[in-house]
Amino acid sequence: MNSLIDLHSYGHDIEAAWLMDRCLEVLGDEELTRKLSPVLRSMEQEVYEKAYTSHSLANECERGVVDMKRVWWVQAEGVVGFWNAWQKTGDSRYREASEDIWQFIREHLADKREGGEWFWYTDESGKPAMEKPIVEPWKCPYHNGRMCMEIIGRMKNGGEQYEITSAI
């Protein structure tokens, strides 16, 4: 395969890593897991090293230019993806990143106004984009809702504590 464009979507990469891990668990194919796990660990490490800055994940990198927006769904996938990476590797930096991104979400992305959801994105410092709608065809509570369900399920199964209340 050859890429058609020079674009790295950090949210898609970290999401793909944890979803593919889940698929491997469901399939139970040891040979396929042996082949793909190193690729998934590499994807997680790349996102961590290239996109995880300022307590959150940069959006993407196109032609060498990093889009520093903190897009709502990218942060949600970062929480699950790094939690999954920690569960698979035991590397505490991934758990710390997951918790750090969750804190960023609570402080900056969660719209604390009555009836608020999450802002579409913030800048790198956490200032929300007020010009974008809270909900529209490409912005719905899918990724953040799934993030909450994934983390709750993973904590129940692993007995880990993780403050997920407030700003959901």
# chains A, B, ... in the order shown; residues from 1 in each chain; ligands from 1

$ select_by_dssp --residues "chain A" --states "strand (DSSP E or B)" --output "list in words"
Leu7, His8, Ser9, Tyr52, Thr53, Ser56, Leu57, Glu60, Cys61, Glu62, Val65, Val66, Asp67, Arg70, Val71, Ala110, Trp118, Tyr121, Thr122, Pro128, Glu136 and Lys139 of chain A

$ residues_around --residues "A:Asp21" --least-positions-apart "5" --cutoff "12 Å" --atoms "only C-alpha atoms" --output "list of chain:residue names"
A:Ile14, A:Glu15, A:Ala16, A:Val26, A:Leu27, A:Gly28, A:Asp29, A:Leu32, A:Thr33, A:Arg34, A:Lys35, A:Leu36, A:Ser37, A:Pro38, A:Val39, A:Leu40, A:Arg41, A:Met43, A:Glu44, A:Val80, A:Gly81, A:Asn84, A:Ala85, A:Gln87, A:Lys88

$ write_last_selection --atoms "C-alpha atoms" --output "CSV table (one decimal), in the first residue's frame"
chain,number,residue,atom,x,y,z
A,14,ILE,CA,-4.8,5.7,18.3
A,15,GLU,CA,-8.4,4.7,17.7
A,16,ALA,CA,-7.4,2.0,15.1
A,26,VAL,CA,-12.5,-11.4,19.8
A,27,LEU,CA,-10.9,-13.5,17.1
A,28,GLY,CA,-8.6,-15.3,19.5
A,29,ASP,CA,-6.1,-16.0,16.7
A,32,LEU,CA,-2.5,-13.0,13.9
A,33,THR,CA,-2.1,-11.4,17.3
A,34,ARG,CA,1.6,-12.2,17.3
A,35,LYS,CA,2.0,-10.5,13.9
A,36,LEU,CA,-0.2,-7.5,14.5
A,37,SER,CA,0.6,-6.6,18.1
A,38,PRO,CA,4.0,-5.1,17.3
A,39,VAL,CA,2.4,-2.9,14.7
A,40,LEU,CA,-0.2,-1.7,17.1
A,41,ARG,CA,2.4,-0.9,19.8
A,43,MET,CA,1.2,3.1,16.3
A,44,GLU,CA,0.6,3.9,20.0
A,80,VAL,CA,-9.2,4.9,25.5
A,81,GLY,CA,-6.2,4.3,23.2
A,84,ASN,CA,-5.5,0.3,26.2
A,85,ALA,CA,-1.7,0.7,25.5
A,87,GLN,CA,-3.2,-2.4,29.7
A,88,LYS,CA,-1.3,-4.2,26.9

$ closest_residue --among "A:Arg63, A:Pro133, A:Ser56, A:Lys139" --to "A:Gln103" --atoms "only C-alpha atoms"
A:Ser56

$ residues_around --residues "A:Cys140" --least-positions-apart "5" --cutoff "10 Å" --atoms "only C-alpha atoms" --output "ChimeraX atom specification"
/A:73,117-118,120,134-135,145

$ residues_around --residues "A:Tyr52" --least-positions-apart "5" --cutoff "9 Å" --atoms "only C-alpha atoms" --output "list in words"
Val47, Leu57, Ala58, Gly78, Ala97 and Ile101 of chain A

$ residues_around --residues "A:Asp6" --least-positions-apart "4" --cutoff "12 Å" --atoms "only C-alpha atoms" --output "ChimeraX atom specification"
/A:2,60-66

$ select_by_dssp --residues "stretch 62-98 of chain A" --states "helix (DSSP H, G or I)" --output "ChimeraX atom specification"
/A:72-89,92-98

$ closest_residue --among "A:Asn157, A:Ser98, A:Asn59, A:Ser9" --to "A:Trp83" --atoms "only C-alpha atoms"
A:Ser98

$ closest_residue --among "A:His12, A:Arg146, A:Lys127, A:Arg154" --to "A:Val74" --atoms "only C-alpha atoms"
A:His12

$ closest_residue --among "A:Ala51, A:Ile151, A:Ile5, A:Cys23" --to "A:Glu99" --atoms "only C-alpha atoms"
A:Ile151

$ closest_residue --among "A:Gly116, A:Met155, A:Leu109, A:Phe104" --to "A:Ala129" --atoms "only C-alpha atoms"
A:Leu109

$ closest_residue --among "A:Ala76, A:Tyr142, A:Glu49, A:Asp111" --to "A:Met130" --atoms "only C-alpha atoms"
A:Asp111
